[in-house]
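For reference, entry36.txt is printed below; it contains compact mmCIF, C-alpha atoms.
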```txt
# COMPACT_ATOMS: atom_id res chain seq x y z
CA MET C 1 160.10 24.47 -2.62
CA GLU C 2 157.92 27.51 -1.81
CA ALA C 3 156.67 27.99 -5.38
CA PRO C 4 155.07 24.50 -5.69
CA ARG C 5 153.30 24.98 -2.33
CA LYS C 6 151.90 28.27 -3.52
CA LYS C 7 150.65 26.72 -6.72
CA TRP C 8 149.12 23.84 -4.75
CA HIS C 9 147.26 26.21 -2.45
CA VAL C 10 146.07 28.36 -5.33
CA ARG C 11 144.73 25.30 -7.12
CA TRP C 12 142.71 24.15 -4.09
CA LEU C 13 141.43 27.64 -3.34
CA ARG C 14 140.23 27.89 -6.91
CA MET C 15 138.44 24.54 -6.61
CA TRP C 16 136.70 25.60 -3.40
CA LEU C 17 135.73 28.91 -4.97
CA ILE C 18 134.15 27.08 -7.92
CA SER C 19 132.41 24.68 -5.52
CA PHE C 20 130.84 27.48 -3.49
CA CYS C 21 129.82 29.27 -6.69
CA VAL C 22 127.92 26.13 -7.69
CA TRP C 23 126.37 25.19 -4.36
CA ILE C 24 125.26 28.65 -3.21
CA PRO C 25 122.86 29.10 -6.18
CA LEU C 26 121.58 25.53 -5.71
CA SER C 27 120.93 26.03 -1.99
CA SER C 28 119.20 29.33 -2.76
CA TYR C 29 116.98 27.55 -5.29
CA PHE C 30 116.07 24.79 -2.83
CA GLY C 31 115.37 27.39 -0.13
CA PHE C 32 113.01 29.21 -2.49
CA VAL C 33 111.23 25.93 -3.36
CA ILE C 34 110.77 25.07 0.32
CA TYR C 35 109.47 28.56 1.04
CA VAL C 36 106.91 28.37 -1.78
CA TRP C 37 105.83 24.87 -0.73
CA GLN C 38 105.33 25.89 2.92
CA ARG C 39 103.56 29.09 1.94
CA ASP C 40 101.15 27.25 -0.38
CA SER C 41 100.46 24.69 2.33
CA GLY C 42 99.31 27.47 4.66
CA ALA C 43 102.08 27.09 7.20
CA PRO C 44 103.55 30.29 8.66
CA THR C 45 106.92 30.82 7.09
CA GLN C 46 109.62 33.41 6.39
CA PHE C 47 111.94 33.37 3.38
CA PHE C 48 115.27 34.52 4.84
CA PRO C 49 115.36 32.05 7.78
CA ILE C 50 114.70 29.23 5.31
CA LEU C 51 117.36 30.55 2.91
CA THR C 52 119.92 30.88 5.73
CA LYS C 53 119.21 27.33 6.89
CA GLN C 54 119.67 25.93 3.38
CA LEU C 55 122.95 27.80 2.93
CA ILE C 56 124.22 26.32 6.19
CA LEU C 57 123.05 22.82 5.24
CA TYR C 58 124.72 22.83 1.83
CA ALA C 59 127.95 24.40 3.07
CA ILE C 60 129.30 20.92 3.89
CA ALA C 61 128.73 19.81 0.29
CA ALA C 62 130.57 22.88 -0.96
CA VAL C 63 133.51 22.08 1.33
CA LEU C 64 133.68 18.35 0.48
CA SER C 65 133.04 18.52 -3.28
CA PRO C 66 136.66 19.47 -4.22
CA LEU C 67 137.88 16.51 -2.13
CA VAL C 68 135.55 14.21 -4.05
CA TYR C 69 136.81 15.66 -7.34
CA PHE C 70 140.41 15.10 -6.19
CA LEU C 71 139.63 11.44 -5.38
CA GLY C 72 138.02 11.06 -8.81
CA ARG C 73 141.19 12.37 -10.49
CA ARG C 74 143.55 10.45 -8.20
CA PHE C 75 141.73 7.11 -8.58
CA PRO C 76 140.25 6.98 -12.09
CA LEU C 77 137.78 4.31 -13.14
CA ALA C 78 139.15 3.80 -16.65
CA GLN C 79 142.38 1.99 -15.81
CA GLU C 80 143.40 -1.59 -15.13
CA LYS C 81 142.72 -1.04 -11.38
CA TRP C 82 139.18 0.19 -11.92
CA MET C 83 137.61 -2.45 -9.63
CA LYS C 84 139.92 -1.53 -6.77
CA HIS C 85 139.28 2.17 -7.41
CA ALA C 86 135.51 1.59 -7.58
CA ALA C 87 135.59 -0.15 -4.16
CA LEU C 88 137.57 2.76 -2.76
CA HIS C 89 135.01 5.21 -4.16
CA LEU C 90 132.17 3.24 -2.57
CA VAL C 91 133.82 3.61 0.83
CA ALA C 92 134.57 7.29 0.20
CA CYS C 93 130.98 7.82 -0.96
CA LEU C 94 129.62 6.44 2.32
CA LEU C 95 132.02 8.58 4.33
CA PHE C 96 131.06 11.66 2.32
CA ALA C 97 127.34 11.00 2.74
CA TRP C 98 127.45 10.11 6.42
CA THR C 99 129.74 13.05 7.22
CA SER C 100 127.21 15.31 5.50
CA ALA C 101 124.36 13.64 7.35
CA VAL C 102 126.03 14.07 10.74
CA TYR C 103 126.68 17.72 9.93
CA ARG C 104 123.07 18.20 8.87
CA ILE C 105 121.74 16.61 12.06
CA SER C 106 124.04 18.84 14.09
CA VAL C 107 122.59 22.01 12.57
CA LEU C 108 118.99 20.81 12.06
CA PRO C 109 117.06 18.35 14.24
CA VAL C 110 115.95 15.21 12.45
CA LYS C 111 112.35 15.75 13.52
CA ASP C 112 112.37 19.02 11.55
CA VAL C 113 113.71 17.24 8.51
CA MET C 114 111.28 14.29 8.57
CA SER C 115 108.52 15.59 10.81
CA ASN C 116 105.81 13.91 8.74
CA VAL C 117 107.21 10.40 9.38
CA PRO C 118 105.49 8.87 12.45
CA SER C 119 108.23 6.74 13.96
CA SER C 120 110.53 6.45 16.91
CA HIS C 121 113.55 8.68 17.14
CA LEU C 122 116.10 5.95 16.30
CA THR C 123 114.09 4.72 13.33
CA LEU C 124 113.76 8.29 12.16
CA ILE C 125 117.52 8.77 12.34
CA TRP C 126 118.15 5.52 10.45
CA ARG C 127 115.71 6.44 7.70
CA PHE C 128 117.24 9.87 7.43
CA PHE C 129 120.76 8.46 7.09
CA VAL C 130 119.67 5.95 4.46
CA SER C 131 117.67 8.43 2.39
CA TYR C 132 120.30 11.17 2.70
CA THR C 133 123.10 8.76 1.78
CA MET C 134 121.21 7.67 -1.34
CA ASP C 135 120.48 11.26 -2.34
CA LEU C 136 124.07 12.42 -1.90
CA SER C 137 125.47 9.33 -3.64
CA ILE C 138 123.25 9.58 -6.70
CA PHE C 139 123.07 13.34 -7.08
CA VAL C 140 126.38 14.57 -5.66
CA TYR C 141 129.26 12.11 -5.20
CA TRP C 142 129.07 10.03 -8.38
CA PRO C 143 128.30 12.99 -10.69
CA ILE C 144 131.42 14.74 -9.34
CA VAL C 145 133.46 11.57 -9.90
CA GLY C 146 132.01 11.44 -13.43
CA LEU C 147 133.15 15.02 -14.06
CA ALA C 148 136.62 14.02 -12.88
CA GLN C 149 136.67 11.14 -15.39
CA ILE C 150 135.64 13.49 -18.20
CA ALA C 151 138.44 15.87 -17.20
CA ILE C 152 140.93 12.96 -17.22
CA PHE C 153 139.74 11.86 -20.67
CA ARG C 154 140.07 15.39 -22.09
CA GLN C 155 143.52 15.85 -20.53
CA ARG C 156 144.75 12.56 -21.97
CA SER C 157 143.29 13.41 -25.35
CA ARG C 158 145.17 16.71 -25.36
CA GLU C 159 148.35 14.92 -24.25
CA ARG C 160 147.95 12.41 -27.08
CA GLU C 161 147.43 15.23 -29.57
CA VAL C 162 150.50 17.09 -28.28
CA ARG C 163 152.52 13.88 -28.36
CA ALA C 164 151.36 13.14 -31.90
CA VAL C 165 152.39 16.64 -33.01
CA GLU C 166 155.76 16.23 -31.30
CA LEU C 167 156.32 12.84 -32.94
CA GLN C 168 155.34 14.26 -36.31
CA ALA C 169 157.77 17.15 -35.84
CA GLN C 170 160.52 14.75 -34.78
CA LEU C 171 159.82 12.56 -37.80
CA ALA C 172 159.92 15.57 -40.12
CA GLU C 173 163.17 16.70 -38.52
CA ALA C 174 164.69 13.24 -38.95
CA GLN C 175 163.58 13.14 -42.58
CA LEU C 176 165.06 16.60 -43.20
CA ARG C 177 168.34 15.54 -41.63
CA ALA C 178 168.39 12.43 -43.80
CA LEU C 179 167.74 14.48 -46.93
CA LYS C 180 170.42 16.96 -45.95
CA MET C 181 172.92 14.18 -45.27
CA GLN C 182 172.25 12.77 -48.74
CA VAL C 183 173.53 16.02 -50.27
CA GLN C 184 176.80 16.17 -48.36
CA PRO C 185 178.32 12.75 -49.21
CA HIS C 186 177.18 13.10 -52.83
CA PHE C 187 178.99 16.43 -53.18
CA PHE C 188 182.09 15.43 -51.22
CA PHE C 189 182.60 12.21 -53.17
CA ASN C 190 182.42 14.13 -56.45
CA THR C 191 184.95 16.66 -55.16
CA LEU C 192 187.33 13.95 -53.99
CA HIS C 193 187.07 12.33 -57.40
CA SER C 194 188.05 15.64 -59.02
CA ILE C 195 191.00 16.00 -56.63
CA SER C 196 192.11 12.48 -57.42
CA SER C 197 192.08 13.25 -61.14
CA LEU C 198 194.06 16.49 -60.72
CA MET C 199 196.75 14.89 -58.57
CA HIS C 200 198.26 13.34 -61.69
CA THR C 201 198.07 16.45 -63.88
CA ASP C 202 198.13 19.59 -61.69
CA VAL C 203 199.31 19.11 -58.11
CA HIS C 204 199.03 22.82 -57.29
CA ALA C 205 195.39 22.89 -58.40
CA ALA C 206 194.67 19.70 -56.44
CA ASP C 207 196.22 21.30 -53.34
CA LYS C 208 193.99 24.36 -53.73
CA MET C 209 190.94 22.11 -54.08
CA ILE C 210 191.87 20.27 -50.88
CA SER C 211 192.12 23.63 -49.08
CA ARG C 212 188.70 24.74 -50.37
CA LEU C 213 187.23 21.35 -49.50
CA SER C 214 188.55 21.76 -45.95
CA ASP C 215 186.73 25.09 -45.71
CA LEU C 216 183.54 23.46 -46.97
CA LEU C 217 183.81 20.65 -44.45
CA ARG C 218 184.21 23.16 -41.63
CA MET C 219 181.23 25.20 -42.78
CA SER C 220 179.16 22.07 -43.27
CA LEU C 221 179.91 20.86 -39.73
CA GLU C 222 179.06 24.26 -38.28
CA SER C 223 175.62 24.12 -39.89
CA ALA C 224 174.99 20.42 -39.24
CA ASP C 225 172.23 21.07 -36.66
CA THR C 226 170.46 23.89 -38.52
CA GLN C 227 167.89 23.53 -41.24
CA GLU C 228 167.85 27.21 -42.26
CA CYS C 229 170.47 29.92 -42.62
CA PRO C 230 170.62 33.48 -44.03
CA LEU C 231 171.03 33.73 -47.79
CA TRP C 232 174.40 35.47 -47.38
CA GLN C 233 175.67 32.43 -45.49
CA GLU C 234 174.37 30.08 -48.16
CA MET C 235 176.09 32.20 -50.81
CA GLU C 236 179.32 32.06 -48.82
CA PHE C 237 179.16 28.28 -48.81
CA LEU C 238 178.31 28.28 -52.51
CA ASP C 239 181.30 30.51 -53.20
CA LYS C 240 183.66 27.94 -51.67
CA TYR C 241 182.10 25.25 -53.82
CA LEU C 242 182.34 27.34 -57.01
CA GLN C 243 186.01 28.05 -56.32
CA ILE C 244 186.58 24.30 -56.41
CA GLU C 245 184.63 23.93 -59.65
CA GLN C 246 186.46 26.84 -61.27
CA ILE C 247 189.78 25.20 -60.42
CA ARG C 248 188.48 22.08 -62.11
CA PHE C 249 187.02 23.76 -65.23
CA SER C 250 189.28 26.81 -65.39
CA ASP C 251 187.97 29.31 -67.94
CA ARG C 252 185.24 26.91 -69.15
CA LEU C 253 183.02 27.93 -66.20
CA SER C 254 181.50 31.41 -65.87
CA ILE C 255 179.24 32.56 -63.06
CA SER C 256 176.66 35.34 -63.24
CA LEU C 257 175.11 36.64 -60.01
CA ALA C 258 172.01 38.79 -59.62
CA ILE C 259 171.40 38.96 -55.87
CA ASP C 260 168.95 41.54 -54.54
CA PRO C 261 170.51 43.28 -51.51
CA ASP C 262 167.09 43.21 -49.81
CA ALA C 263 167.16 39.39 -49.98
CA ARG C 264 170.57 38.78 -48.42
CA ASP C 265 169.17 38.23 -44.90
CA ALA C 266 166.34 35.97 -46.05
CA ALA C 267 166.11 32.54 -44.40
CA VAL C 268 166.79 29.68 -46.81
CA PRO C 269 167.30 25.95 -46.27
CA THR C 270 170.93 25.15 -45.60
CA MET C 271 172.77 23.88 -48.72
CA ILE C 272 169.71 24.45 -50.90
CA LEU C 273 171.59 26.08 -53.79
CA GLN C 274 174.67 23.88 -53.90
CA PRO C 275 172.99 20.77 -55.35
CA LEU C 276 171.22 22.93 -57.94
CA VAL C 277 174.49 24.53 -59.02
CA GLU C 278 176.23 21.15 -58.99
CA ASN C 279 173.44 19.81 -61.19
CA ALA C 280 173.98 22.74 -63.61
CA VAL C 281 177.72 22.03 -63.67
CA ARG C 282 177.36 18.30 -64.29
CA HIS C 283 174.55 18.42 -66.85
CA GLY C 284 175.22 21.85 -68.32
CA VAL C 285 178.78 23.18 -68.27
CA SER C 286 180.55 19.82 -68.40
CA LYS C 287 178.60 18.83 -71.52
CA ARG C 288 179.86 21.83 -73.52
CA THR C 289 183.35 21.72 -75.00
CA ALA C 290 183.45 25.50 -75.01
CA GLY C 291 182.29 25.68 -71.42
CA GLY C 292 179.18 27.43 -70.21
CA ILE C 293 177.65 29.93 -67.84
CA ILE C 294 175.60 29.47 -64.70
CA ARG C 295 173.29 32.28 -63.61
CA ILE C 296 172.16 32.55 -59.99
CA ARG C 297 169.41 34.99 -59.08
CA ALA C 298 167.72 35.94 -55.80
CA SER C 299 165.05 38.59 -55.29
CA ARG C 300 162.41 39.62 -52.82
CA GLU C 301 158.90 40.37 -54.01
CA ASN C 302 155.61 40.78 -52.09
CA GLY C 303 156.63 38.68 -49.11
CA TRP C 304 158.26 35.96 -51.20
CA LEU C 305 161.85 35.03 -51.87
CA HIS C 306 162.55 34.00 -55.47
CA LEU C 307 165.64 31.92 -56.25
CA ALA C 308 166.75 30.66 -59.64
CA VAL C 309 169.69 28.66 -61.03
CA GLU C 310 170.07 28.58 -64.81
CA ASP C 311 172.63 27.05 -67.17
CA ASN C 312 173.09 27.13 -70.94
CA GLY C 313 173.87 23.45 -71.37
CA PRO C 314 172.10 20.91 -73.60
CA GLY C 315 169.27 20.40 -71.11
CA PHE C 316 167.89 17.17 -69.73
CA SER C 317 167.63 14.01 -71.75
CA PRO C 318 164.21 12.29 -71.90
CA ALA C 319 165.44 9.70 -69.38
CA GLN C 320 166.53 12.40 -66.94
CA GLU C 321 163.23 14.25 -67.30
CA SER C 322 161.25 11.09 -66.58
CA ALA C 323 163.44 10.43 -63.51
CA GLY C 324 162.75 13.90 -62.13
CA GLY C 325 166.20 15.35 -62.83
CA GLY C 326 168.31 13.19 -60.52
CA LEU C 327 169.12 13.12 -56.82
CA GLY C 328 169.83 16.85 -56.38
CA LEU C 329 166.50 18.06 -57.75
CA ARG C 330 164.45 15.35 -56.04
CA ASN C 331 166.18 16.03 -52.74
CA THR C 332 165.60 19.78 -53.04
CA ARG C 333 161.92 19.31 -53.86
CA GLU C 334 161.39 17.00 -50.86
CA ARG C 335 163.21 19.32 -48.47
CA LEU C 336 161.08 22.28 -49.51
CA GLU C 337 157.90 20.25 -49.06
CA LYS C 338 158.99 19.13 -45.59
CA LEU C 339 160.00 22.62 -44.47
CA TYR C 340 157.27 24.79 -46.00
CA GLY C 341 154.47 22.48 -47.12
CA ALA C 342 152.20 24.22 -49.60
CA GLN C 343 153.85 27.60 -48.97
CA GLN C 344 156.54 27.03 -51.57
CA SER C 345 156.93 26.24 -55.24
CA PHE C 346 159.62 24.37 -57.16
CA SER C 347 159.78 24.22 -60.94
CA VAL C 348 162.23 22.95 -63.55
CA GLN C 349 161.90 24.30 -67.07
CA LYS C 350 163.83 24.91 -70.25
CA ALA C 351 166.08 27.96 -70.05
CA SER C 352 166.11 30.75 -72.60
CA GLU C 353 169.50 29.63 -73.93
CA GLY C 354 168.53 25.98 -74.20
CA GLY C 355 169.70 24.69 -70.82
CA VAL C 356 167.76 24.12 -67.62
CA GLU C 357 166.34 26.72 -65.23
CA VAL C 358 165.31 25.77 -61.70
CA ARG C 359 163.06 28.22 -59.86
CA LEU C 360 162.22 28.28 -56.17
CA ARG C 361 159.70 30.44 -54.35
CA LEU C 362 159.80 30.53 -50.54
CA PRO C 363 158.03 32.63 -47.91
CA PHE C 364 160.31 35.53 -47.01
CA THR C 365 161.43 35.49 -43.39
CA GLN C 366 164.37 37.55 -42.21
CA GLN C 367 167.18 36.09 -40.14
CA LEU C 368 168.40 38.02 -37.11
CA GLN C 369 172.03 37.71 -38.18
CA ALA C 370 173.31 40.36 -40.54
CA ALA C 371 176.47 40.28 -42.63
CA SER C 372 177.69 41.26 -46.04
CA PHE C 373 178.70 38.92 -48.81
CA PRO C 374 182.37 38.01 -49.09
CA ALA C 375 184.36 40.01 -51.57
CA GLU C 376 184.35 37.23 -54.13
CA MET C 377 180.53 37.17 -54.16
CA GLU C 378 179.45 40.79 -54.19
CA PRO C 379 175.68 40.94 -54.83
CA VAL C 380 175.90 42.47 -58.30
CA ASN C 381 175.64 41.08 -61.82
CA ARG C 382 179.02 40.05 -63.04
CA LYS C 383 180.80 37.19 -64.75
CA ASN C 384 183.85 35.48 -63.25
```
Show this structure as structure tokens.
Amino acid sequence: MEAPRKKWHVRWLRMWLISFCVWIPLSSYFGFVIYVWQRDSGAPTQFFPILTKQLILYAIAAVLSPLVYFLGRRFPLAQEKWMKHAALHLVACLLFAWTSAVYRISVLPVKDVMSNVPSSHLTLIWRFFVSYTMDLSIFVYWPIVGLAQIAIFRQRSREREVRAVELQAQLAEAQLRALKMQVQPHFFFNTLHSISSLMHTDVHAADKMISRLSDLLRMSLESADTQECPLWQEMEFLDKYLQIEQIRFSDRLSISLAIDPDARDAAVPTMILQPLVENAVRHGVSKRTAGGIIRIRASRENGWLHLAVEDNGPGFSPAQESAGGGLGLRNTRERLEKLYGAQQSFSVQKASEGGVEVRLRLPFTQQLQAASFPAEMEPVNRKN
């Protein structure tokens, strides 16, 4: 409880400091004006007594101004209760003005303030109170309340901007989660279909696929709440997937890896490579009776991470090209746009051996975790 009190006191001390820094120059200015006016009128006068008197007179305004500002913030005029708040400010304005007037009379006789007004003492006091109340209301109280309303408007504008940014971030996060969740069921259903087919022809192979699928499910659940992971972790997940596909295709599937060791700790979107490799398997390797090869490359260059997945299949049909290459490619493109905006590139082109090559370029950021690739996926060029 002590910390909030300290902050509260600091805030009020700062407000009073600002108030005195404003009113002291103003009182000095008015003292100088009065001195010049009395000197030009021929009356005997001294500057420092006049300045001291003005500083004393305006001290009450310096003390009360932060209270007025607090009332302006506490009871704003731009809400549904503005009429009630305006009535409250009218009462507070009179109290502020009359308190200041009483203070001024206590330190300076009224006859000195309005010595040129020929009237009785009571009438003189009444006129002084009325004129002083009007002056303080117009030039002090309501301008301070106006400043408080401006501060409220700016604070609410900043809060709306922060809230809009937070909502936009939440929306982007929800969209990324939805895109990521599209990948997982698509892949798992395909794997289950492969297991179902093998159950009638090769039970041992189907059992191995179920074991690998269990590993993939575990890894997928562990990364469910993360949008990025180190490249080595992504390659570990991809290795489990490729083991399933190699059980399915046997010697018809070959994998070539060219992974730059300097890129292994780079941050990449979780499960970004798996749909690309799955796309190469479905539309590349599976279309060739003699099987095919999938090449996966990763390199670091001038602050960028370059990823590529290439197959030597027949390539896309005209219908697939017009559709954007299917769910996997569309999903990958959208995820990259959501995560990196314009700081990324995604391209699909014809490979050198007639298949499809997908290239990704991401800003290189290094993950804090560090680990080596599993033995099955050593970062060197080789064919399995």
Which of C:Ala101, C:Met15, C:Val356, C:Ala59 sits closest to Val285 of chain C [using only C-alpha atoms]: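 Of C:Ala101, C:Met15, C:Val356, C:Ala59, the one nearest Val285 of chain C, counting only C-alpha atoms, is C:Val356.
Nearest residue to Tyr340 of chain C among C:Glu159, C:Asp265, C:Glu228, C:Asp40 is C:Glu228, counting only C-alpha atoms.
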C:Trp16, C:Arg11, C:Glu278, C:Trp232 ranked by distance to Gly328 of chain C, top pick (using all atoms listed in the file): C:Glu278
Shell of 12 Å around Ile56 of chain C, only C-alpha atoms, local chain residues under 3 positions omitted, as a PyMOL selection string: chain C and resi 20+23-24+27-28+31+49-53+59-63+100+103-108
Of the listed residues C:Leu57, C:Glu166, C:Ala151, C:Gln38, that which approaches Arg73 of chain C most closely, counting only C-alpha atoms: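 Checking each candidate against Arg73 of chain C, we get C:Ala151 as the closest.
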Separation of atom CA of Ile152 of chain C from atom CA of Phe70 of chain C in Å: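 Separating atom CA of Phe70 of chain C from atom CA of Ile152 of chain C is a distance of 11.2 Å.
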Top pick for closest residue to Phe237 of chain C, considering C:Leu217, C:Val348, C:Leu339, C:Val145 and counting only C-alpha atoms: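 Looking only at the distances to Phe237 of chain C, the closest residue turns out to be C:Leu217.
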Segment 357-360 of chain C environment, 7 Å, only C-alpha atoms, sequence neighbours closer than 3 positions dropped, as a list in words: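 So the residues in contact are His306, Leu307, Ala308, Val309, Glu310, Asp311, Ser345, Phe346, Ser347, Val348, Gln349, Lys350 and Ala351 of chain C.
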Residues within 12 Å of (183.4, 23.3, -44.2), counting all atoms listed in the file, listed as a PyMOL selection string: chain C and resi 184+188+210-224+234+236-241+271
Local residues around (168.3, 19.0, -56.5), at most 6 Å away, using all atoms listed in the file, as an NGL selection string: :C and (275-276 or 327-332)
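Minimum atom-to-atom distances from C:Tyr58, C:Trp142, C:Ser197, C:Phe48 to Cys21 of chain C were compared using all atoms listed in the file, and the lowest value belongs to C:Tyr58.
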Interatomic distance, atom CA of Ala97 of chain C to atom CA of Val68 of chain C (Å, one decimal):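 Result for atom CA of Ala97 of chain C versus atom CA of Val68 of chain C: 11.1 Å, one decimal.
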